[in-house]
>>> print(open('data.cif').read())   # mmCIF, C-alpha atoms
data_final
#
loop_
_atom_site.label_atom_id
_atom_site.label_comp_id
_atom_site.auth_asym_id
_atom_site.auth_seq_id
_atom_site.Cartn_x
_atom_site.Cartn_y
_atom_site.Cartn_z
CA MET A 1 -0.41 91.26 -142.68
CA ILE A 2 -0.02 87.49 -143.10
CA THR A 3 3.40 86.16 -144.05
CA LEU A 4 3.65 82.89 -145.99
CA ALA A 5 7.35 82.44 -146.68
CA PHE A 6 8.04 78.73 -146.40
CA ARG A 7 8.88 75.54 -148.24
CA LEU A 8 7.32 72.14 -147.69
CA ARG A 9 8.33 68.90 -149.34
CA GLN A 10 6.13 65.82 -149.80
CA GLY A 11 7.89 63.07 -151.70
CA ASN A 12 8.84 64.51 -155.09
CA PHE A 13 6.60 67.56 -154.66
CA GLU A 14 7.87 70.77 -153.10
CA LEU A 15 5.73 73.80 -152.28
CA ARG A 16 7.59 77.13 -152.10
CA LEU A 17 5.81 80.35 -151.22
CA ASP A 18 6.97 83.87 -150.51
CA GLU A 19 3.79 85.91 -150.15
CA GLN A 20 2.45 88.74 -147.98
CA LEU A 21 -1.34 88.69 -147.66
CA ALA A 22 -3.37 91.72 -146.66
CA SER A 23 -6.90 91.74 -145.25
CA GLY A 24 -9.88 90.62 -147.31
CA ILE A 25 -10.21 87.38 -149.25
CA THR A 26 -7.16 85.86 -150.93
CA ALA A 27 -7.98 83.04 -153.34
CA LEU A 28 -5.58 80.20 -154.10
CA PHE A 29 -6.37 79.10 -157.63
CA GLY A 30 -4.82 76.39 -159.76
CA PRO A 31 -5.05 72.79 -160.92
CA SER A 32 -5.24 69.77 -158.64
CA GLY A 33 -1.88 68.94 -157.13
CA SER A 34 -0.56 72.50 -157.33
CA GLY A 35 -0.27 72.94 -153.55
CA LYS A 36 -3.48 74.76 -152.59
CA THR A 37 -4.69 72.45 -149.81
CA THR A 38 -1.09 71.87 -148.69
CA THR A 39 -0.80 75.62 -148.17
CA LEU A 40 -3.88 75.67 -145.93
CA ASP A 41 -2.65 72.63 -143.99
CA ALA A 42 0.71 74.33 -143.39
CA ILE A 43 -0.96 77.49 -142.09
CA ALA A 44 -3.25 75.45 -139.84
CA GLY A 45 -0.36 73.41 -138.43
CA LEU A 46 -1.45 70.11 -139.95
CA ARG A 47 1.71 69.78 -142.08
CA ASN A 48 5.17 70.92 -141.10
CA PRO A 49 7.24 72.99 -143.53
CA SER A 50 10.91 72.16 -143.86
CA GLY A 51 11.90 75.81 -143.60
CA GLY A 52 10.71 79.37 -143.54
CA VAL A 53 8.20 81.48 -141.61
CA ILE A 54 4.41 81.65 -141.24
CA SER A 55 2.97 84.52 -139.23
CA ILE A 56 -0.28 86.41 -138.67
CA HIS A 57 0.42 90.07 -137.99
CA ASP A 58 3.16 90.01 -135.34
CA ARG A 59 2.36 86.52 -134.08
CA VAL A 60 4.66 83.79 -135.39
CA LEU A 61 3.02 80.43 -136.03
CA PHE A 62 6.05 78.75 -137.55
CA ASP A 63 9.70 79.73 -137.80
CA ALA A 64 12.15 76.96 -138.67
CA GLN A 65 15.23 78.95 -137.68
CA ARG A 66 13.81 79.95 -134.29
CA ARG A 67 12.27 76.50 -133.78
CA ILE A 68 8.76 77.87 -133.35
CA ASN A 69 5.94 75.55 -134.40
CA LEU A 70 2.63 76.24 -132.66
CA ALA A 71 0.17 73.39 -132.31
CA PRO A 72 -3.02 73.72 -134.40
CA HIS A 73 -5.16 74.70 -131.39
CA GLU A 74 -2.70 77.48 -130.52
CA ARG A 75 -2.78 79.12 -133.95
CA HIS A 76 -6.20 80.81 -133.69
CA VAL A 77 -6.99 79.76 -137.24
CA GLY A 78 -10.45 78.64 -138.35
CA TYR A 79 -10.34 75.86 -140.95
CA VAL A 80 -13.30 74.56 -142.97
CA PRO A 81 -11.96 71.58 -144.97
CA GLN A 82 -13.47 70.12 -148.13
CA ASP A 83 -15.37 67.41 -146.26
CA VAL A 84 -16.75 69.93 -143.70
CA ALA A 85 -16.03 67.42 -140.86
CA LEU A 86 -19.08 68.11 -138.71
CA PHE A 87 -19.58 65.66 -135.85
CA PRO A 88 -22.49 63.39 -136.87
CA HIS A 89 -23.39 62.44 -133.27
CA MET A 90 -23.98 66.11 -132.39
CA ASN A 91 -26.78 68.35 -133.60
CA ALA A 92 -25.98 71.59 -135.41
CA ARG A 93 -26.02 73.66 -132.20
CA ARG A 94 -23.47 71.45 -130.43
CA ASN A 95 -21.27 71.48 -133.54
CA VAL A 96 -21.31 75.29 -133.58
CA LEU A 97 -20.50 75.51 -129.87
CA TYR A 98 -17.79 72.84 -130.00
CA GLY A 99 -15.19 75.19 -131.41
CA ARG A 100 -15.89 78.09 -129.07
CA ARG A 101 -12.69 79.55 -127.65
CA ALA A 102 -12.32 81.47 -124.40
CA GLY A 103 -12.24 85.17 -125.11
CA GLN A 104 -14.59 84.92 -128.07
CA LYS A 105 -16.32 88.30 -128.33
CA LEU A 106 -18.86 87.21 -130.90
CA SER A 107 -22.00 85.77 -129.40
CA VAL A 108 -23.53 82.59 -130.73
CA ASP A 109 -26.66 84.55 -131.54
CA ALA A 110 -24.71 87.04 -133.65
CA VAL A 111 -22.95 84.31 -135.66
CA VAL A 112 -26.02 82.17 -136.30
CA LYS A 113 -28.05 85.24 -137.25
CA MET A 114 -25.43 86.44 -139.71
CA LEU A 115 -25.23 83.01 -141.36
CA GLU A 116 -28.99 82.45 -141.03
CA VAL A 117 -28.73 79.06 -139.34
CA GLU A 118 -31.09 79.78 -136.41
CA GLY A 119 -33.64 77.30 -137.72
CA LEU A 120 -31.05 74.56 -138.16
CA LEU A 121 -29.56 74.39 -134.67
CA ASP A 122 -31.69 71.55 -133.33
CA ARG A 123 -31.39 69.40 -136.43
CA ARG A 124 -29.11 66.40 -136.84
CA VAL A 125 -26.17 66.71 -139.23
CA ALA A 126 -27.66 63.91 -141.36
CA ASP A 127 -30.78 66.03 -141.89
CA LEU A 128 -28.89 69.06 -143.24
CA SER A 129 -28.40 69.78 -146.93
CA GLY A 130 -24.92 70.37 -148.34
CA GLY A 131 -25.35 74.14 -148.22
CA GLU A 132 -26.70 74.01 -144.66
CA ARG A 133 -23.73 71.92 -143.52
CA GLN A 134 -21.37 74.46 -145.07
CA ARG A 135 -22.99 77.30 -143.14
CA VAL A 136 -22.94 75.34 -139.87
CA ALA A 137 -19.26 74.49 -140.42
CA LEU A 138 -18.51 78.14 -141.10
CA ALA A 139 -20.37 79.14 -137.92
CA ARG A 140 -18.31 76.63 -135.93
CA ALA A 141 -15.08 78.02 -137.37
CA LEU A 142 -16.12 81.58 -136.52
CA MET A 143 -16.90 80.62 -132.92
CA SER A 144 -13.22 79.78 -132.44
CA ALA A 145 -12.45 83.53 -132.66
CA PRO A 146 -10.06 83.04 -135.59
CA GLU A 147 -7.50 85.62 -136.62
CA LEU A 148 -7.55 83.97 -140.04
CA LEU A 149 -10.15 81.81 -141.79
CA LEU A 150 -9.13 79.01 -144.17
CA LEU A 151 -11.74 77.67 -146.60
CA ASP A 152 -10.91 74.67 -148.79
CA GLU A 153 -13.34 74.35 -151.72
CA PRO A 154 -16.28 75.25 -149.44
CA LEU A 155 -18.79 75.24 -152.29
CA ALA A 156 -17.58 72.20 -154.23
CA ALA A 157 -20.26 69.90 -152.80
CA VAL A 158 -23.26 72.16 -153.43
CA ASP A 159 -25.21 72.84 -156.59
CA VAL A 160 -25.16 76.11 -158.51
CA GLU A 161 -28.30 77.53 -156.88
CA ARG A 162 -27.11 76.83 -153.33
CA ARG A 163 -23.70 78.20 -154.26
CA ARG A 164 -25.29 81.52 -155.23
CA ARG A 165 -27.03 81.58 -151.84
CA ILE A 166 -23.87 80.87 -149.82
CA LEU A 167 -21.53 83.34 -151.54
CA PRO A 168 -23.10 86.38 -149.83
CA TYR A 169 -22.44 84.82 -146.40
CA LEU A 170 -18.74 84.61 -147.18
CA LEU A 171 -18.73 88.24 -148.22
CA ARG A 172 -20.44 89.14 -144.94
CA VAL A 173 -17.64 87.43 -143.01
CA ARG A 174 -15.15 89.61 -144.87
CA ASP A 175 -17.09 92.86 -144.66
CA GLU A 176 -18.75 92.66 -141.24
CA LEU A 177 -16.26 90.65 -139.17
CA LYS A 178 -13.10 91.88 -140.93
CA ILE A 179 -11.52 88.43 -140.68
CA PRO A 180 -8.96 87.76 -143.43
CA VAL A 181 -9.76 84.69 -145.50
CA VAL A 182 -7.62 82.34 -147.59
CA TYR A 183 -9.93 80.59 -150.00
CA VAL A 184 -9.20 77.61 -152.25
CA SER A 185 -11.28 77.10 -155.38
CA HIS A 186 -11.16 75.56 -158.85
CA ASP A 187 -14.03 77.78 -160.03
CA ARG A 188 -12.81 80.92 -161.80
CA ALA A 189 -16.23 82.64 -161.69
CA GLU A 190 -16.43 81.99 -157.96
CA VAL A 191 -12.95 83.41 -157.46
CA ASP A 192 -13.75 86.48 -159.54
CA GLN A 193 -16.83 87.17 -157.42
CA LEU A 194 -15.23 86.65 -154.01
CA ALA A 195 -11.53 87.39 -154.08
CA ASP A 196 -9.76 90.65 -153.40
CA ARG A 197 -6.52 89.00 -154.52
CA VAL A 198 -5.72 85.82 -156.45
CA ILE A 199 -2.58 83.71 -156.14
CA VAL A 200 -2.28 81.24 -158.99
CA LEU A 201 -0.42 78.09 -157.95
CA GLN A 202 1.20 75.69 -160.37
CA ASP A 203 3.59 72.87 -159.46
CA GLY A 204 4.06 74.29 -155.99
CA ARG A 205 4.95 77.82 -157.09
CA ALA A 206 3.02 81.09 -157.29
CA ARG A 207 2.77 82.25 -160.92
#
>>> encode(input="data.cif", output="structure tokens")
Amino acid sequence: MITLAFRLRQGNFELRLDEQLASGITALFGPSGSGKTTTLDAIAGLRNPSGGVISIHDRVLFDAQRRINLAPHERHVGYVPQDVALFPHMNARRNVLYGRRAGQKLSVDAVVKMLEVEGLLDRRVADLSGGERQRVALARALMSAPELLLLDEPLAAVDVERRRRILPYLLRVRDELKIPVVYVSHDRAEVDQLADRVIVLQDGRAR
């Protein structure tokens, strides 16, 4: 169970959530500026809430009252942002291995086989298509042994055909690895295909 019970203010905007997320894929859906990416940033430790609690199972990531605020690298959260953020000076293999955390039980071979990126590992980032970069970024996130995976518009930069090809890989992460996923999207059809649960955000509130 993932607890998101916090508030976070940015200027005149305030995000307030009080949600319990189960396993599977939870989609955050809503218009731009509704708080979707801010929610992911708060979970990942990139933005600090002004109050409340964020926890994964029994492990507290943030608790304002108890003054707990784990650093991003201590949260065991895999984050694939909108811009993917692969390192351009590294090839795909080194990008995948960069995020590997001690205690990772998944082998590199298992991850790259599941995401079908074996043939991409020796290629430069500049030589990868948008869909290939997304799969490499997802492989890197999985190598960090995440307890939770955060995906921010992971298919926004790819065309419809590549999107259809990538969706099954996300379902495999859910079904084979049993890693809970919080997924941001503007695409209702995409959400309907992927999500086990949908939270609609508007003006910083769940509707």
>>> residues_around(input="data.cif", residues="segment 168-182 of chain A", least_positions_apart="5", cutoff="8 Å", atoms="only C-alpha atoms", output="ChimeraX atom specification")
/A:22-28,40,114-115,146-151,194
>>> residues_around(input="data.cif", residues="segment 122-124 of chain A", least_positions_apart="4", cutoff="7 Å", atoms="all atoms listed in the file", output="list in words")
Met90, Asn91, Ala92, Arg93 and Leu128 of chain A
>>> atom_distance(input="data.cif", atom1="atom CA of Val136 of chain A", atom2="atom CA of Asp152 of chain A")
15.0 Å
>>> atom_distance(input="data.cif", atom1="atom CA of Phe87 of chain A", atom2="atom CA of Arg133 of chain A")
10.7 Å
>>> atom_distance(input="data.cif", atom1="atom CA of Arg100 of chain A", atom2="atom CA of Val80 of chain A")
14.6 Å
>>> residues_around(input="data.cif", residues="Arg135 of chain A", least_positions_apart="4", cutoff="9 Å", atoms="only C-alpha atoms", output="ChimeraX atom specification")
/A:112,115-117,130-131,139-140,166,169
>>> residues_around(input="data.cif", residues="Ala64 of chain A", least_positions_apart="2", cutoff="6 Å", atoms="only C-alpha atoms", output="PDB file with C-alpha atoms, in the coordinates of the input")
ATOM      1  CA  GLY A  51      11.900  75.810-143.600  1.00  0.00           C
ATOM      2  CA  GLY A  52      10.710  79.370-143.540  1.00  0.00           C
ATOM      3  CA  ARG A  66      13.810  79.950-134.290  1.00  0.00           C
ATOM      4  CA  ARG A  67      12.270  76.500-133.780  1.00  0.00           C
TER       5      ARG A  67
END
>>> residues_around(input="data.cif", residues="Ala145 of chain A", least_positions_apart="2", cutoff="9 Å", atoms="all atoms listed in the file", output="MDAnalysis selection string")
chainID A and resid 76:78 99:106 141:143 147:148
>>> closest_residue(input="data.cif", among="A:His186, A:His89, A:Arg16, A:Arg165", to="Ser32 of chain A", atoms="all atoms listed in the file")
A:His186
>>> axis_aligned_box(input="data.cif", around="segment 26-44 of chain A", padding_each_side="5 Å", output="lines of an AutoDock Vina configuration file")
center_x = -3.6
center_y = 77.4
center_z = -150.4
size_x = 18.7
size_y = 26.9
size_z = 31.1
>>> resolve_selection(input="data.cif", expression="the PyMOL selection byres ((chain A and resi 30) around 9)", output="ChimeraX atom specification")
/A:28-29,31-36,184-186,199-202
>>> resolve_selection(input="data.cif", expression="the PyMOL selection byres ((chain A and resi 83) around 9)", output="list in words")
Val80, Pro81, Gln82, Val84, Ala85, Leu86, Asp152, Pro154 and Ala157 of chain A
>>> write_last_selection(input="data.cif", atoms="C-alpha atoms", output="JSON list (two decimals), in the frame of the given file")
[["chain", "number", "residue", "atom", "x", "y", "z"],
["A", 80, "VAL", "CA", -13.30, 74.56, -142.97],
["A", 81, "PRO", "CA", -11.96, 71.58, -144.97],
["A", 82, "GLN", "CA", -13.47, 70.12, -148.13],
["A", 84, "VAL", "CA", -16.75, 69.93, -143.70],
["A", 85, "ALA", "CA", -16.03, 67.42, -140.86],
["A", 86, "LEU", "CA", -19.08, 68.11, -138.71],
["A", 152, "ASP", "CA", -10.91, 74.67, -148.79],
["A", 154, "PRO", "CA", -16.28, 75.25, -149.44],
["A", 157, "ALA", "CA", -20.26, 69.90, -152.80]]
>>> closest_residue(input="data.cif", among="A:Tyr79, A:Ser144, A:Glu74, A:Val53", to="Ser107 of chain A", atoms="all atoms listed in the file")
A:Ser144
>>> closest_residue(input="data.cif", among="A:Leu155, A:Leu15, A:Ile2, A:Leu138", to="Leu97 of chain A", atoms="only C-alpha atoms")
A:Leu138
>>> closest_residue(input="data.cif", among="A:Pro88, A:Leu70, A:Phe62, A:Arg9", to="Ser50 of chain A", atoms="only C-alpha atoms")
A:Arg9
>>> resolve_selection(input="data.cif", expression="the PyMOL selection byres ((chain A and resi 20) around 10)", output="JSON, numbers by chain")
{"A": [1, 2, 3, 4, 5, 17, 18, 19, 21, 22, 54, 55, 56]}
>>> build_atoms(input="data.cif", residues="segment 195-206 of chain A", atoms="all heavy atoms", output="tab-separated table (two decimals), in the frame of the given file")
chain	number	residue	atom	x	y	z
A	195	ALA	N	-12.89	87.09	-154.52
A	195	ALA	CA	-11.53	87.39	-154.08
A	195	ALA	C	-11.14	88.84	-154.27
A	195	ALA	O	-11.47	89.48	-155.26
A	195	ALA	CB	-10.55	86.49	-154.84
A	196	ASP	N	-10.41	89.35	-153.27
A	196	ASP	CA	-9.76	90.65	-153.40
A	196	ASP	C	-8.38	90.50	-154.05
A	196	ASP	O	-7.86	91.44	-154.63
A	196	ASP	CB	-9.58	91.28	-152.01
A	196	ASP	CG	-10.92	91.48	-151.31
A	196	ASP	OD1	-11.72	92.28	-151.81
A	196	ASP	OD2	-11.16	90.82	-150.28
A	197	ARG	N	-7.83	89.29	-153.93
A	197	ARG	CA	-6.52	89.00	-154.52
A	197	ARG	C	-6.49	87.53	-154.90
A	197	ARG	O	-7.07	86.70	-154.19
A	197	ARG	CB	-5.40	89.31	-153.53
A	197	ARG	CG	-4.01	89.06	-154.10
A	197	ARG	CD	-2.94	89.13	-153.05
A	197	ARG	NE	-1.62	88.90	-153.63
A	197	ARG	CZ	-0.54	88.62	-152.93
A	197	ARG	NH1	-0.60	88.54	-151.62
A	197	ARG	NH2	0.63	88.43	-153.53
A	198	VAL	N	-5.83	87.21	-155.99
A	198	VAL	CA	-5.72	85.82	-156.45
A	198	VAL	C	-4.25	85.43	-156.56
A	198	VAL	O	-3.46	86.16	-157.17
A	198	VAL	CB	-6.41	85.61	-157.81
A	198	VAL	CG1	-6.27	84.17	-158.28
A	198	VAL	CG2	-7.88	86.01	-157.74
A	199	ILE	N	-3.90	84.30	-155.95
A	199	ILE	CA	-2.58	83.71	-156.14
A	199	ILE	C	-2.76	82.44	-156.95
A	199	ILE	O	-3.47	81.52	-156.52
A	199	ILE	CB	-1.91	83.38	-154.78
A	199	ILE	CG1	-1.67	84.67	-153.98
A	199	ILE	CG2	-0.59	82.64	-155.00
A	199	ILE	CD1	-1.15	84.41	-152.58
A	200	VAL	N	-2.18	82.41	-158.13
A	200	VAL	CA	-2.28	81.24	-158.99
A	200	VAL	C	-1.11	80.31	-158.68
A	200	VAL	O	0.05	80.70	-158.80
A	200	VAL	CB	-2.26	81.64	-160.48
A	200	VAL	CG1	-2.33	80.40	-161.36
A	200	VAL	CG2	-3.43	82.58	-160.79
A	201	LEU	N	-1.44	79.09	-158.26
A	201	LEU	CA	-0.42	78.09	-157.95
A	201	LEU	C	-0.30	77.07	-159.08
A	201	LEU	O	-1.31	76.62	-159.62
A	201	LEU	CB	-0.74	77.36	-156.65
A	201	LEU	CG	-0.60	78.14	-155.34
A	201	LEU	CD1	-0.99	77.25	-154.17
A	201	LEU	CD2	0.82	78.64	-155.15
A	202	GLN	N	0.94	76.74	-159.40
A	202	GLN	CA	1.20	75.69	-160.37
A	202	GLN	C	2.49	75.00	-160.00
A	202	GLN	O	3.53	75.65	-159.80
A	202	GLN	CB	1.32	76.28	-161.79
A	202	GLN	CG	1.46	75.23	-162.87
A	202	GLN	CD	1.41	75.83	-164.25
A	202	GLN	OE1	1.12	77.01	-164.42
A	202	GLN	NE2	1.68	75.03	-165.27
A	203	ASP	N	2.41	73.68	-159.82
A	203	ASP	CA	3.59	72.87	-159.46
A	203	ASP	C	4.28	73.42	-158.22
A	203	ASP	O	5.52	73.44	-158.13
A	203	ASP	CB	4.58	72.82	-160.63
A	203	ASP	CG	3.98	72.18	-161.87
A	203	ASP	OD1	3.16	71.25	-161.72
A	203	ASP	OD2	4.30	72.63	-162.98
A	204	GLY	N	3.49	73.86	-157.25
A	204	GLY	CA	4.06	74.29	-155.99
A	204	GLY	C	4.67	75.69	-155.97
A	204	GLY	O	5.32	76.06	-155.00
A	205	ARG	N	4.41	76.47	-157.02
A	205	ARG	CA	4.95	77.82	-157.09
A	205	ARG	C	3.83	78.81	-157.43
A	205	ARG	O	2.90	78.47	-158.15
A	205	ARG	CB	6.05	77.95	-158.16
A	205	ARG	CG	7.20	76.97	-158.03
A	205	ARG	CD	8.07	77.27	-156.83
A	205	ARG	NE	9.27	76.46	-156.84
A	205	ARG	CZ	9.36	75.22	-156.31
A	205	ARG	NH1	8.27	74.67	-155.78
A	205	ARG	NH2	10.50	74.56	-156.34
A	206	ALA	N	3.95	80.03	-156.93
A	206	ALA	CA	3.02	81.09	-157.29
A	206	ALA	C	3.42	81.66	-158.63
A	206	ALA	O	4.60	82.00	-158.85
A	206	ALA	CB	3.02	82.18	-156.23
